[in-house]
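Take a look at the structure set out below.
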Amino acid sequence: MKKFFSVADVDNLGTVVEEALAIKAAPYAEEQLGKHKTLGLVFLNPSLRTRLSTQKAAMNLGMQVMVMNMDKDGWALETQDGVVMNGTTVEHIREAAAVMGEYCDILGLRSFPSLKDKEADYTEDLFNKFVKFCGVPVVSLESATRHPLQSLTDLITITEHKRVDRPKVVLAWAPHVKALPQAVPNSFSEWMCQAQKEGLVDFTIAHPMGYELSKEFTPGAQISNNLEEALQGADFVYVKNWSSFVDYGAVYPVAQNWMMDNEKLKLTNDAKVMHCLPVRRDLELSSEILDGPNSLVIKEASNRVWAAQVVLKRMLEDLRK
Amino acid sequence: MKKFFSVADVDNLGTVVEEALAIKAAPYAEEQLGKHKTLGLVFLNPSLRTRLSTQKAAMNLGMQVMVMNMDKDGWALETQDGVVMNGTTVEHIREAAAVMGEYCDILGLRSFPSLKDKEADYTEDLFNKFVKFCGVPVVSLESATRHPLQSLTDLITITEHKRVDRPKVVLAWAPHVKALPQAVPNSFSEWMCQAQKEGLVDFTIAHPMGYELSKEFTPGAQISNNLEEALQGADFVYVKNWSSFVDYGAVYPVAQNWMMDNEKLKLTNDAKVMHCLPVRRDLELSSEILDGPNSLVIKEASNRVWAAQVVLKRMLEDLRK
Amino acid sequence: MKKFFSVADVDNLGTVVEEALAIKAAPYAEEQLGKHKTLGLVFLNPSLRTRLSTQKAAMNLGMQVMVMNMDKDGWALETQDGVVMNGTTVEHIREAAAVMGEYCDILGLRSFPSLKDKEADYTEDLFNKFVKFCGVPVVSLESATRHPLQSLTDLITITEHKRVDRPKVVLAWAPHVKALPQAVPNSFSEWMCQAQKEGLVDFTIAHPMGYELSKEFTPGAQISNNLEEALQGADFVYVKNWSSFVDYGAVYPVAQNWMMDNEKLKLTNDAKVMHCLPVRRDLELSSEILDGPNSLVIKEASNRVWAAQVVLKRMLEDLRK
């Protein structure tokens with residue numbers, strides 16, 4: 001594996017989940033694999049779960065980890081070519097990425113979208129240039145349009161907790177006070193659509209009008225604007241807010257109550273409830289669910305380690321070839 | 001040991017000091033104990049000595065360390081239940097603590113008091129909730145009302161440098177330009193009162209009127225508002241500023257000169273002078289003392305490693321059971 | 001080696017470069033040398049290359065690394081003696097340095113100049129006090145007037161890529177939008193003048209009038225105010241901006257075009273082009289050079305690891321004696 005950016009970077013979802021669960025059962029089995037290998041984690045934006053779980057995964061594999069926080073003033077990167085750099089950007093991504101690639105065997109990059117320039121965000125300009133110029137394998141720690149370590153984690157968690165062969169999974173939009181990226185829902189949808197294709201799940205998306213995701217991420221998904229209908233018979237409900245893709249970055253007033261709570265849970269097949277965290281309690285998701293028996297959110301977060309570890313393991317194996 | 005928060009978390013002060021000094025004599029004797037164990041250090045406030053010494057202690061025990069700085073914008077934690085999270089707090093401590101507990105075998109938490117809401121500070125709301133929700137052993141890296149790693153260090157340092165069996169120890173209030181927490185003096189007093197009970201020291205507190213500490217921290221201490229009297233025959237003088245507990249967080253003008261200097265040192269039994277650092281030179285404590293033979297401040301700071309290491313060692317031993 | 005601050009801390013340039021290249025060929029040959037030794041990296045200013053490459057070097061030697069970012073609010077250090085600390089500085093360098101020396105076997109310090117107080121900057125007040133008070137070997141990670149790890153790297157890179165025994169090396173001033181320190185050009189000049197003395201290079205400096213470096217750094221260098229003339233027959237061109245030393249920190253308008261580009265390259269002996277990075281594209285140095293076959297900037301940055309590793313190795317060997 002040279003890049004972990006989207007579901008397309010994994011051959012077979014069933015196999016990678018199985019491998020992750022084997023790692024979970026024996027976390028230190030491969031701790032010689034990462035000897036003398038260095039992972040560099042580059043954060044252009046804040047991170048808690050991704051930061052800690054990816055570090056932990058790398059250490060479990062015997063790797064060394066270096067963390068670079070570039071979200072502070074004075075680290076603005078230039079991404080455009082042909083620009084005279086007489087402004088506020090202090091280094092071009094061509095040099096910054098190449099240099100980090102010299103010091104690290106594998107790099108991870110986190111970079112949020114602007115939510116202003118849809119084209120720049122959706123062409124994944126920054127992430128792609130980083131991959132191109134750094135010259136080493138790159139793990140996305142969340143990019144403008146995707147959060148693949150989260151989505152792989154989610155599939156692992158669903159596999160662990162499913163009570164039927166092909167559970168019904170519902171991605172349910174939820175309210176928030178801020179305009180959030182589409183990265184997590186895009187990515188979750190992309191992975192679930194592929195999982196559906198491989199016969200692993202049935203996948204439905206529910207959101208208010210105006211919150212349609214880009215179609216490239218939803219092939220084969222059932223899409224509904226009626227939450228109550230969508231929840232019927234659900235085995236897993238994945239709660240998440242996102243801002244509008246069509247009217248890029250916009251947040252519309254939503255009259256209906258889209259917060260997930262115990263009453264809505266009654267419509268489901270005693271569904272397990274998931275969220276990538278951080279979650280706004282009693283705005284996106286009720287406290288009664290989060291503190292009750294149906295919540296998987298902590299187990300889900302915990303599984304972030306095994307998603308990161310299977311990805312790093314595959315990259316290390318390729319480097320050893 | 002499941003928690004290291006106050007003197008009550010240690011059975012016998014003599015024994016823990018002896019164990020710390022044995023670790024100091026052979027720092028790497030237990031470097032297998034921490035293999036495959038991860039310490040997470042969570043800082044809601046700045047730290048230098050605590051950060052470095054606790055990392056060092058963990059590495060001496062063979063642990064892996066992950067550091068999480070949460071004192072920047074955007075990481076505000078919600079601690080109250082029943083709140084609709086539609087404001088500035090981005091994550092509830094229930095989730096944040098639980099997730100960190102999934103990635104780490106032991107956690108350390110630093111969190112300063114508000115100095116505004118006495119009740120919230122003195123019920124140690126944040127620290128207690130963190131312990132409750134994270135599910136793993138927690139070391140206080142200084143909380144609203146206590147700094148136990150510092151106090152254990154201080155007892156180790158006094159034990160190393162005492163010239164009589166039961167030295168006289170004086171905690172001496174000193175001036176400052178800012179309103180500082182009572183955590184260090186509370187904690188020092190709590191440990192010295194217990195040490196006095198175990199026959200290890202005689203303990204006196206000297207402070208101007210209005211700077212009384214909460215009585216729960218001073219059982220059995222002699223308390224004086226006259227520094228000169230209190231210093232008579234002292235073997236150790238522990239210099240520290242704090243703001244008012246009664247008139248919570250207030251700083252009163254103090255007419256008399258409370259800065260510790262060589263002239264005042266003459267009143268003592270050639271006392272060793274201690275301070276937890278950072279110290280304001282020639283405001284809290286004179287340069288002549290700090291640069292002279294009676295200062296223990298650097299040796300004291302150095303001992304922070306062994307205090308942290310004995311605590312982590314005991315926690316690791318419990319985890320291995 | 002007790003200190004790595006200037007070219008005077010190295011006996012023989014040829015030998016240290018040879019040793020660095022041997023390390024590059026076998027990076028892990030000495031990974032027992034750093035066992036149980038801790039490197040503390042203290043940053044009073046931002047860092048990317050220095051931070052990552054020095055960490056990597058230390059890990060290659062089996063050392064543990066602790067990083068301390070002190071460039072944030074609230075960590076202002078007092079450096080003057082005899083000052084009553086009732087202002088904004090929270091800790092004196094006497095204590096801060098001494099304490100860090102207790103936790104670490106070797107320290108690295110980065111501290112930029114004020115560019116306002118020439119005397120304080122050029123007496124290297126902060127760096128020298130840090131060395132004096134910390135009590136352990138110190139590596140400069142760039143100080144007010146020098147960046148020796150960069151200069152050693154540059155000599156390693158020139159040695160690797162030279163096509164003649166004694167190449168002509170030109171330090172060429174270049175435009176910028178900000179007032180930059182003289183540390184990199186001072187240091188490069190100091191090292192090249194010594195290399196010239198040892199018969200390894202011929203060294204020329206080209207800069208506009210008013211940008212003269214302090215003479216202590218340029219003994220034996222040829223100095224020109226005519227870039228075209230200076231570039232004649234050059235084998236290496238080292239491009240770098242700096243602000244005025246004479247009119248301390250000033251930036252003068254420069255009418256002539258001093259940006260290095262392919263046209264100017266034609267004047268040289270097909271020179272290799274170097275820069276310490278970050279570089280302002282098409283302001284200091286043209287994109288066509290940076291993306292072309294003559295650029296060494298990435299290889300140069302990569303060599304930072306071996307410069308740091310040879311310095312740390314020598315310090316560790318001294319500690320083991």
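Order determines the names: the first chain of the structure tokens is A, the second B, and so forth; residues in each chain are numbered 1 upward, and ligands are numbered 1 upward as they are shown.
Using only C-alpha atoms, we find that the part of chain A lying within 7 Å of chain B comprises Leu52, Ser53, Val177, Pro278, Val279, Arg280, Arg281, Asp282, Leu283, Ile298, Ala301 and Ser302 of chain A.
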Quick one: residues within 12 Å of Glu31 of chain A, only C-alpha atoms, excluding same-chain residues fewer than 3 positions away - as a PDB file with all heavy atoms, in the first residue's frame?
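Writing the result to part.pdb gives the following:
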```
ATOM      1  N   ILE A  23      -5.008  -8.241  14.343  1.00  0.00           N
ATOM      2  CA  ILE A  23      -4.064  -7.338  15.017  1.00  0.00           C
ATOM      3  C   ILE A  23      -4.590  -6.968  16.404  1.00  0.00           C
ATOM      4  O   ILE A  23      -3.849  -6.959  17.382  1.00  0.00           O
ATOM      5  CB  ILE A  23      -3.834  -6.068  14.163  1.00  0.00           C
ATOM      6  CG1 ILE A  23      -3.027  -6.411  12.907  1.00  0.00           C
ATOM      7  CG2 ILE A  23      -3.150  -4.979  14.974  1.00  0.00           C
ATOM      8  CD1 ILE A  23      -2.964  -5.298  11.876  1.00  0.00           C
ATOM      9  N   ALA A  26      -3.781  -9.558  18.802  1.00  0.00           N
ATOM     10  CA  ALA A  26      -2.350  -9.733  19.100  1.00  0.00           C
ATOM     11  C   ALA A  26      -1.593  -8.494  18.641  1.00  0.00           C
ATOM     12  O   ALA A  26      -0.907  -8.506  17.619  1.00  0.00           O
ATOM     13  CB  ALA A  26      -1.811 -10.991  18.399  1.00  0.00           C
ATOM     14  N   PRO A  27      -1.698  -7.410  19.397  1.00  0.00           N
ATOM     15  CA  PRO A  27      -1.200  -6.106  18.927  1.00  0.00           C
ATOM     16  C   PRO A  27       0.305  -6.032  18.686  1.00  0.00           C
ATOM     17  O   PRO A  27       0.754  -5.196  17.909  1.00  0.00           O
ATOM     18  CB  PRO A  27      -1.585  -5.149  20.071  1.00  0.00           C
ATOM     19  CG  PRO A  27      -2.626  -5.840  20.853  1.00  0.00           C
ATOM     20  CD  PRO A  27      -2.374  -7.308  20.695  1.00  0.00           C
ATOM     21  N   TYR A  28       1.079  -6.871  19.381  1.00  0.00           N
ATOM     22  CA  TYR A  28       2.537  -6.731  19.298  1.00  0.00           C
ATOM     23  C   TYR A  28       3.179  -7.825  18.452  1.00  0.00           C
ATOM     24  O   TYR A  28       4.393  -8.001  18.448  1.00  0.00           O
ATOM     25  CB  TYR A  28       3.140  -6.741  20.707  1.00  0.00           C
ATOM     26  CG  TYR A  28       2.453  -5.752  21.613  1.00  0.00           C
ATOM     27  CD1 TYR A  28       1.667  -6.181  22.670  1.00  0.00           C
ATOM     28  CD2 TYR A  28       2.565  -4.385  21.388  1.00  0.00           C
ATOM     29  CE1 TYR A  28       1.006  -5.275  23.489  1.00  0.00           C
ATOM     30  CE2 TYR A  28       1.913  -3.469  22.185  1.00  0.00           C
ATOM     31  CZ  TYR A  28       1.133  -3.929  23.231  1.00  0.00           C
ATOM     32  OH  TYR A  28       0.473  -3.025  24.034  1.00  0.00           O
ATOM     33  N   GLY A  34       8.424  -2.642  12.230  1.00  0.00           N
ATOM     34  CA  GLY A  34       8.669  -1.204  12.147  1.00  0.00           C
ATOM     35  C   GLY A  34      10.031  -0.761  12.657  1.00  0.00           C
ATOM     36  O   GLY A  34      10.304   0.449  12.702  1.00  0.00           O
ATOM     37  N   LYS A  35      10.863  -1.690  13.009  1.00  0.00           N
ATOM     38  CA  LYS A  35      12.202  -1.344  13.537  1.00  0.00           C
ATOM     39  C   LYS A  35      12.947  -0.459  12.549  1.00  0.00           C
ATOM     40  O   LYS A  35      13.009  -0.772  11.352  1.00  0.00           O
ATOM     41  CB  LYS A  35      12.983  -2.645  13.790  1.00  0.00           C
ATOM     42  CG  LYS A  35      14.259  -2.453  14.599  1.00  0.00           C
ATOM     43  CD  LYS A  35      14.888  -3.815  14.910  1.00  0.00           C
ATOM     44  CE  LYS A  35      16.371  -3.710  15.143  1.00  0.00           C
ATOM     45  NZ  LYS A  35      16.736  -3.089  16.434  1.00  0.00           N
ATOM     46  N   HIS A  36      13.490   0.629  13.048  1.00  0.00           N
ATOM     47  CA  HIS A  36      14.252   1.578  12.212  1.00  0.00           C
ATOM     48  C   HIS A  36      13.391   2.288  11.171  1.00  0.00           C
ATOM     49  O   HIS A  36      13.926   2.822  10.206  1.00  0.00           O
ATOM     50  CB  HIS A  36      15.446   0.903  11.523  1.00  0.00           C
ATOM     51  CG  HIS A  36      16.491   0.459  12.469  1.00  0.00           C
ATOM     52  ND1 HIS A  36      17.424  -0.507  12.155  1.00  0.00           N
ATOM     53  CD2 HIS A  36      16.768   0.832  13.751  1.00  0.00           C
ATOM     54  CE1 HIS A  36      18.223  -0.695  13.195  1.00  0.00           C
ATOM     55  NE2 HIS A  36      17.850   0.097  14.170  1.00  0.00           N
ATOM     56  N   LYS A  37      12.099   2.252  11.359  1.00  0.00           N
ATOM     57  CA  LYS A  37      11.210   2.980  10.456  1.00  0.00           C
ATOM     58  C   LYS A  37      10.542   4.116  11.233  1.00  0.00           C
ATOM     59  O   LYS A  37      10.134   3.929  12.382  1.00  0.00           O
ATOM     60  CB  LYS A  37      10.125   2.054   9.879  1.00  0.00           C
ATOM     61  CG  LYS A  37      10.668   0.904   9.043  1.00  0.00           C
ATOM     62  CD  LYS A  37      11.302   1.385   7.754  1.00  0.00           C
ATOM     63  CE  LYS A  37      11.856   0.220   6.944  1.00  0.00           C
ATOM     64  NZ  LYS A  37      12.787   0.673   5.898  1.00  0.00           N
ATOM     65  N   LYS A  56      -0.118   5.338  18.642  1.00  0.00           N
ATOM     66  CA  LYS A  56      -0.159   4.056  19.351  1.00  0.00           C
ATOM     67  C   LYS A  56       0.030   2.901  18.381  1.00  0.00           C
ATOM     68  O   LYS A  56       0.808   1.969  18.648  1.00  0.00           O
ATOM     69  CB  LYS A  56      -1.512   3.945  20.056  1.00  0.00           C
ATOM     70  CG  LYS A  56      -1.761   2.683  20.837  1.00  0.00           C
ATOM     71  CD  LYS A  56      -1.052   2.699  22.176  1.00  0.00           C
ATOM     72  CE  LYS A  56      -1.344   1.447  22.972  1.00  0.00           C
ATOM     73  NZ  LYS A  56      -2.538   1.563  23.802  1.00  0.00           N
ATOM     74  N   ALA A  57      -0.661   2.962  17.257  1.00  0.00           N
ATOM     75  CA  ALA A  57      -0.545   1.908  16.241  1.00  0.00           C
ATOM     76  C   ALA A  57       0.896   1.778  15.771  1.00  0.00           C
ATOM     77  O   ALA A  57       1.440   0.668  15.638  1.00  0.00           O
ATOM     78  CB  ALA A  57      -1.475   2.225  15.068  1.00  0.00           C
ATOM     79  N   ALA A  58       1.533   2.897  15.509  1.00  0.00           N
ATOM     80  CA  ALA A  58       2.918   2.883  15.020  1.00  0.00           C
ATOM     81  C   ALA A  58       3.853   2.296  16.077  1.00  0.00           C
ATOM     82  O   ALA A  58       4.740   1.491  15.757  1.00  0.00           O
ATOM     83  CB  ALA A  58       3.345   4.298  14.641  1.00  0.00           C
ATOM     84  N   MET A  59       3.655   2.681  17.320  1.00  0.00           N
ATOM     85  CA  MET A  59       4.511   2.162  18.390  1.00  0.00           C
ATOM     86  C   MET A  59       4.299   0.660  18.563  1.00  0.00           C
ATOM     87  O   MET A  59       5.244  -0.076  18.821  1.00  0.00           O
ATOM     88  CB  MET A  59       4.250   2.927  19.679  1.00  0.00           C
ATOM     89  CG  MET A  59       4.622   4.414  19.571  1.00  0.00           C
ATOM     90  SD  MET A  59       4.584   5.355  21.145  1.00  0.00           S
ATOM     91  CE  MET A  59       2.870   5.175  21.652  1.00  0.00           C
ATOM     92  N   ASN A  60       3.058   0.200  18.419  1.00  0.00           N
ATOM     93  CA  ASN A  60       2.784  -1.242  18.496  1.00  0.00           C
ATOM     94  C   ASN A  60       3.569  -2.015  17.435  1.00  0.00           C
ATOM     95  O   ASN A  60       3.902  -3.184  17.623  1.00  0.00           O
ATOM     96  CB  ASN A  60       1.287  -1.522  18.308  1.00  0.00           C
ATOM     97  CG  ASN A  60       0.462  -1.122  19.526  1.00  0.00           C
ATOM     98  OD1 ASN A  60       1.006  -0.813  20.584  1.00  0.00           O
ATOM     99  ND2 ASN A  60      -0.851  -1.121  19.362  1.00  0.00           N
ATOM    100  N   LEU A  61       3.840  -1.352  16.321  1.00  0.00           N
ATOM    101  CA  LEU A  61       4.596  -1.988  15.235  1.00  0.00           C
ATOM    102  C   LEU A  61       6.100  -1.739  15.359  1.00  0.00           C
ATOM    103  O   LEU A  61       6.863  -2.067  14.449  1.00  0.00           O
ATOM    104  CB  LEU A  61       4.098  -1.460  13.886  1.00  0.00           C
ATOM    105  CG  LEU A  61       2.699  -1.931  13.468  1.00  0.00           C
ATOM    106  CD1 LEU A  61       2.129  -1.028  12.379  1.00  0.00           C
ATOM    107  CD2 LEU A  61       2.744  -3.390  12.997  1.00  0.00           C
ATOM    108  N   GLY A  62       6.513  -1.119  16.461  1.00  0.00           N
ATOM    109  CA  GLY A  62       7.937  -0.879  16.678  1.00  0.00           C
ATOM    110  C   GLY A  62       8.495   0.325  15.947  1.00  0.00           C
ATOM    111  O   GLY A  62       9.713   0.497  15.858  1.00  0.00           O
ATOM    112  N   MET A  63       7.615   1.159  15.398  1.00  0.00           N
ATOM    113  CA  MET A  63       8.078   2.350  14.684  1.00  0.00           C
ATOM    114  C   MET A  63       8.419   3.477  15.655  1.00  0.00           C
ATOM    115  O   MET A  63       7.915   3.529  16.766  1.00  0.00           O
ATOM    116  CB  MET A  63       6.990   2.874  13.730  1.00  0.00           C
ATOM    117  CG  MET A  63       6.581   1.936  12.655  1.00  0.00           C
ATOM    118  SD  MET A  63       5.414   2.752  11.486  1.00  0.00           S
ATOM    119  CE  MET A  63       6.558   3.655  10.417  1.00  0.00           C
ATOM    120  N   GLN A  64       9.212   4.404  15.160  1.00  0.00           N
ATOM    121  CA  GLN A  64       9.421   5.673  15.842  1.00  0.00           C
ATOM    122  C   GLN A  64       8.448   6.686  15.255  1.00  0.00           C
ATOM    123  O   GLN A  64       8.149   6.630  14.065  1.00  0.00           O
ATOM    124  CB  GLN A  64      10.852   6.149  15.612  1.00  0.00           C
ATOM    125  CG  GLN A  64      11.866   5.208  16.253  1.00  0.00           C
ATOM    126  CD  GLN A  64      13.276   5.466  15.795  1.00  0.00           C
ATOM    127  OE1 GLN A  64      13.510   5.886  14.665  1.00  0.00           O
ATOM    128  NE2 GLN A  64      14.220   5.218  16.668  1.00  0.00           N
ATOM    129  N   GLN A 309      -3.316   0.588  12.524  1.00  0.00           N
ATOM    130  CA  GLN A 309      -2.244  -0.404  12.553  1.00  0.00           C
ATOM    131  C   GLN A 309      -2.254  -1.313  11.328  1.00  0.00           C
ATOM    132  O   GLN A 309      -1.188  -1.659  10.796  1.00  0.00           O
ATOM    133  CB  GLN A 309      -2.327  -1.221  13.860  1.00  0.00           C
ATOM    134  CG  GLN A 309      -1.044  -2.005  14.143  1.00  0.00           C
ATOM    135  CD  GLN A 309      -0.951  -2.487  15.587  1.00  0.00           C
ATOM    136  OE1 GLN A 309      -1.516  -1.869  16.501  1.00  0.00           O
ATOM    137  NE2 GLN A 309      -0.240  -3.581  15.801  1.00  0.00           N
ATOM    138  N   LEU A 312      -0.730   0.836   8.495  1.00  0.00           N
ATOM    139  CA  LEU A 312       0.725   0.990   8.639  1.00  0.00           C
ATOM    140  C   LEU A 312       1.439  -0.341   8.398  1.00  0.00           C
ATOM    141  O   LEU A 312       2.504  -0.380   7.777  1.00  0.00           O
ATOM    142  CB  LEU A 312       1.074   1.527  10.038  1.00  0.00           C
ATOM    143  CG  LEU A 312       0.633   2.968  10.306  1.00  0.00           C
ATOM    144  CD1 LEU A 312       0.863   3.333  11.768  1.00  0.00           C
ATOM    145  CD2 LEU A 312       1.372   3.956   9.397  1.00  0.00           C
ATOM    146  N   LYS A 313       0.834  -1.423   8.867  1.00  0.00           N
ATOM    147  CA  LYS A 313       1.437  -2.748   8.665  1.00  0.00           C
ATOM    148  C   LYS A 313       1.582  -3.053   7.179  1.00  0.00           C
ATOM    149  O   LYS A 313       2.635  -3.485   6.706  1.00  0.00           O
ATOM    150  CB  LYS A 313       0.568  -3.806   9.347  1.00  0.00           C
ATOM    151  CG  LYS A 313       1.003  -5.250   9.100  1.00  0.00           C
ATOM    152  CD  LYS A 313       0.200  -6.212   9.961  1.00  0.00           C
ATOM    153  CE  LYS A 313       0.500  -7.666   9.606  1.00  0.00           C
ATOM    154  NZ  LYS A 313      -0.300  -8.140   8.452  1.00  0.00           N
ATOM    155  N   LEU A 316       4.334  -0.918   5.706  1.00  0.00           N
ATOM    156  CA  LEU A 316       5.657  -1.419   6.115  1.00  0.00           C
ATOM    157  C   LEU A 316       6.024  -2.681   5.351  1.00  0.00           C
ATOM    158  O   LEU A 316       7.176  -2.857   4.922  1.00  0.00           O
ATOM    159  CB  LEU A 316       5.673  -1.696   7.623  1.00  0.00           C
ATOM    160  CG  LEU A 316       5.705  -0.476   8.545  1.00  0.00           C
ATOM    161  CD1 LEU A 316       5.456  -0.893   9.994  1.00  0.00           C
ATOM    162  CD2 LEU A 316       7.032   0.272   8.428  1.00  0.00           C
TER     163      LEU A 316
ATOM    164  N   HIS B  36       5.251  -2.267  26.599  1.00  0.00           N
ATOM    165  CA  HIS B  36       3.913  -2.310  25.998  1.00  0.00           C
ATOM    166  C   HIS B  36       2.867  -1.540  26.801  1.00  0.00           C
ATOM    167  O   HIS B  36       1.670  -1.766  26.624  1.00  0.00           O
ATOM    168  CB  HIS B  36       3.439  -3.759  25.803  1.00  0.00           C
ATOM    169  CG  HIS B  36       4.229  -4.496  24.778  1.00  0.00           C
ATOM    170  ND1 HIS B  36       4.271  -5.854  24.698  1.00  0.00           N
ATOM    171  CD2 HIS B  36       5.041  -4.054  23.787  1.00  0.00           C
ATOM    172  CE1 HIS B  36       5.071  -6.225  23.697  1.00  0.00           C
ATOM    173  NE2 HIS B  36       5.547  -5.142  23.139  1.00  0.00           N
TER     174      HIS B  36
END
```
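Reported to one decimal place, the separation of atom CA of Lys264 of chain C from atom CA of Glu216 of chain C is 29.3 Å.
Summary of the local environment: counting only C-alpha atoms, residues at most 8 Å from Ala179 of chain B, other than itself and those fewer than 2 positions away along its chain, are His176, Val177, Pro181, Trp242, Ser243, Gly249, Ala250 and Val251 of chain B.
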* To do: Quick one: everything within 9 Å of Ile156 of chain A, counting only C-alpha atoms, minus sequence neighbours fewer than 4 positions away in the same chain. Send it as a list in words.
  => Val16, Val17, Glu18, Ala20, Leu21, Ser151, Leu152, Glu160, His161, Glu300, Asn303, Trp306 and Ala307 of chain A
Selection file, N, CA, C and O atoms, as a tab-separated table (two decimals), in the first residue's frame:
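Heads up, here's the output in result_1.tsv:
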```
chain	number	residue	atom	x	y	z
A	16	VAL	N	-9.40	-6.89	4.84
A	16	VAL	CA	-8.70	-5.90	5.66
A	16	VAL	C	-9.31	-5.83	7.06
A	16	VAL	O	-8.58	-5.67	8.05
A	17	VAL	N	-10.62	-6.00	7.16
A	17	VAL	CA	-11.26	-6.01	8.48
A	17	VAL	C	-10.79	-7.22	9.28
A	17	VAL	O	-10.46	-7.11	10.47
A	18	GLU	N	-10.73	-8.36	8.62
A	18	GLU	CA	-10.25	-9.58	9.28
A	18	GLU	C	-8.83	-9.39	9.81
A	18	GLU	O	-8.49	-9.78	10.93
A	20	ALA	N	-7.38	-6.55	10.54
A	20	ALA	CA	-7.40	-5.60	11.66
A	20	ALA	C	-7.82	-6.29	12.96
A	20	ALA	O	-7.24	-6.04	14.03
A	21	LEU	N	-8.79	-7.19	12.86
A	21	LEU	CA	-9.25	-7.88	14.06
A	21	LEU	C	-8.19	-8.86	14.57
A	21	LEU	O	-8.07	-9.08	15.79
A	151	SER	N	-13.43	5.65	8.59
A	151	SER	CA	-14.38	4.76	7.89
A	151	SER	C	-13.98	3.29	8.02
A	151	SER	O	-14.83	2.42	8.21
A	152	LEU	N	-12.68	3.03	7.93
A	152	LEU	CA	-12.22	1.65	8.14
A	152	LEU	C	-12.55	1.21	9.57
A	152	LEU	O	-13.05	0.10	9.80
A	160	GLU	N	-17.69	-6.26	14.09
A	160	GLU	CA	-17.63	-6.84	15.44
A	160	GLU	C	-18.99	-6.96	16.10
A	160	GLU	O	-19.22	-7.87	16.89
A	161	HIS	N	-19.86	-6.00	15.83
A	161	HIS	CA	-21.11	-5.91	16.60
A	161	HIS	C	-22.35	-6.33	15.83
A	161	HIS	O	-23.46	-6.22	16.35
A	300	GLU	N	-15.91	2.31	19.29
A	300	GLU	CA	-15.58	2.76	17.94
A	300	GLU	C	-14.26	3.55	17.97
A	300	GLU	O	-13.34	3.27	17.21
A	303	ASN	N	-11.28	1.42	18.44
A	303	ASN	CA	-10.88	0.66	17.24
A	303	ASN	C	-10.04	1.48	16.26
A	303	ASN	O	-9.48	0.90	15.31
A	306	TRP	N	-6.65	-0.03	15.63
A	306	TRP	CA	-6.47	-1.22	14.78
A	306	TRP	C	-6.61	-0.87	13.31
A	306	TRP	O	-5.96	-1.49	12.44
A	307	ALA	N	-7.44	0.12	13.01
A	307	ALA	CA	-7.52	0.60	11.62
A	307	ALA	C	-6.18	1.20	11.21
A	307	ALA	O	-5.64	0.87	10.14
```
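Shell of segment 235-237 of chain B at 9 Å, with only C-alpha atoms counted and residues fewer than 6 places along the chain excluded, is Ile158, Lys162, Arg163, Val164, Pro167, Lys168, Val169, Val170, Leu171, Ala172, Met260, Leu265, Thr268, Asn269, Asp270, Ala271, Lys272, Val273, Met274 and His275 of chain B.
Of the listed residues B:Lys132, B:Lys116, B:Lys321, B:Lys2, the one whose atoms come nearest to Leu180 of chain B is B:Lys116, with distances taken using only C-alpha atoms.
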* Select from segment 144-232 of chain C everything DSSP, run on the backbone, classes as strand (DSSP E), then give the selection as a list of chain:residue names. => C:Lys168, C:Val169, C:Val170, C:Leu171, C:Ala172, C:Trp173, C:Asp202, C:Phe203, C:Thr204, C:Ile205, C:Ala206, C:Gln222, C:Ile223, C:Ser224
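One finds atom CA of Ser224 of chain B at 7.5 Å from atom CA of Thr204 of chain B.
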* Could you give me the residues within segment 69-182 of chain A that DSSP places in helix (DSSP H, G or I), as a ChimeraX atom specification? => /A:93-103,118-122,125-134,148-161
Arg304 of chain A surroundings by only C-alpha atoms, 7 Å radius, close-in-sequence under 5 positions cut, as a JSON list (two decimals) with C-alpha atoms, in the first residue's frame:
```json
[["chain", "number", "residue", "atom", "x", "y", "z"],
["A", 53, "SER", "CA", -4.46, 6.23, 17.95],
["A", 149, "LEU", "CA", -9.07, 5.74, 8.96],
["A", 150, "GLN", "CA", -12.39, 6.63, 10.54],
["A", 153, "THR", "CA", -12.67, 1.84, 11.92]]
```
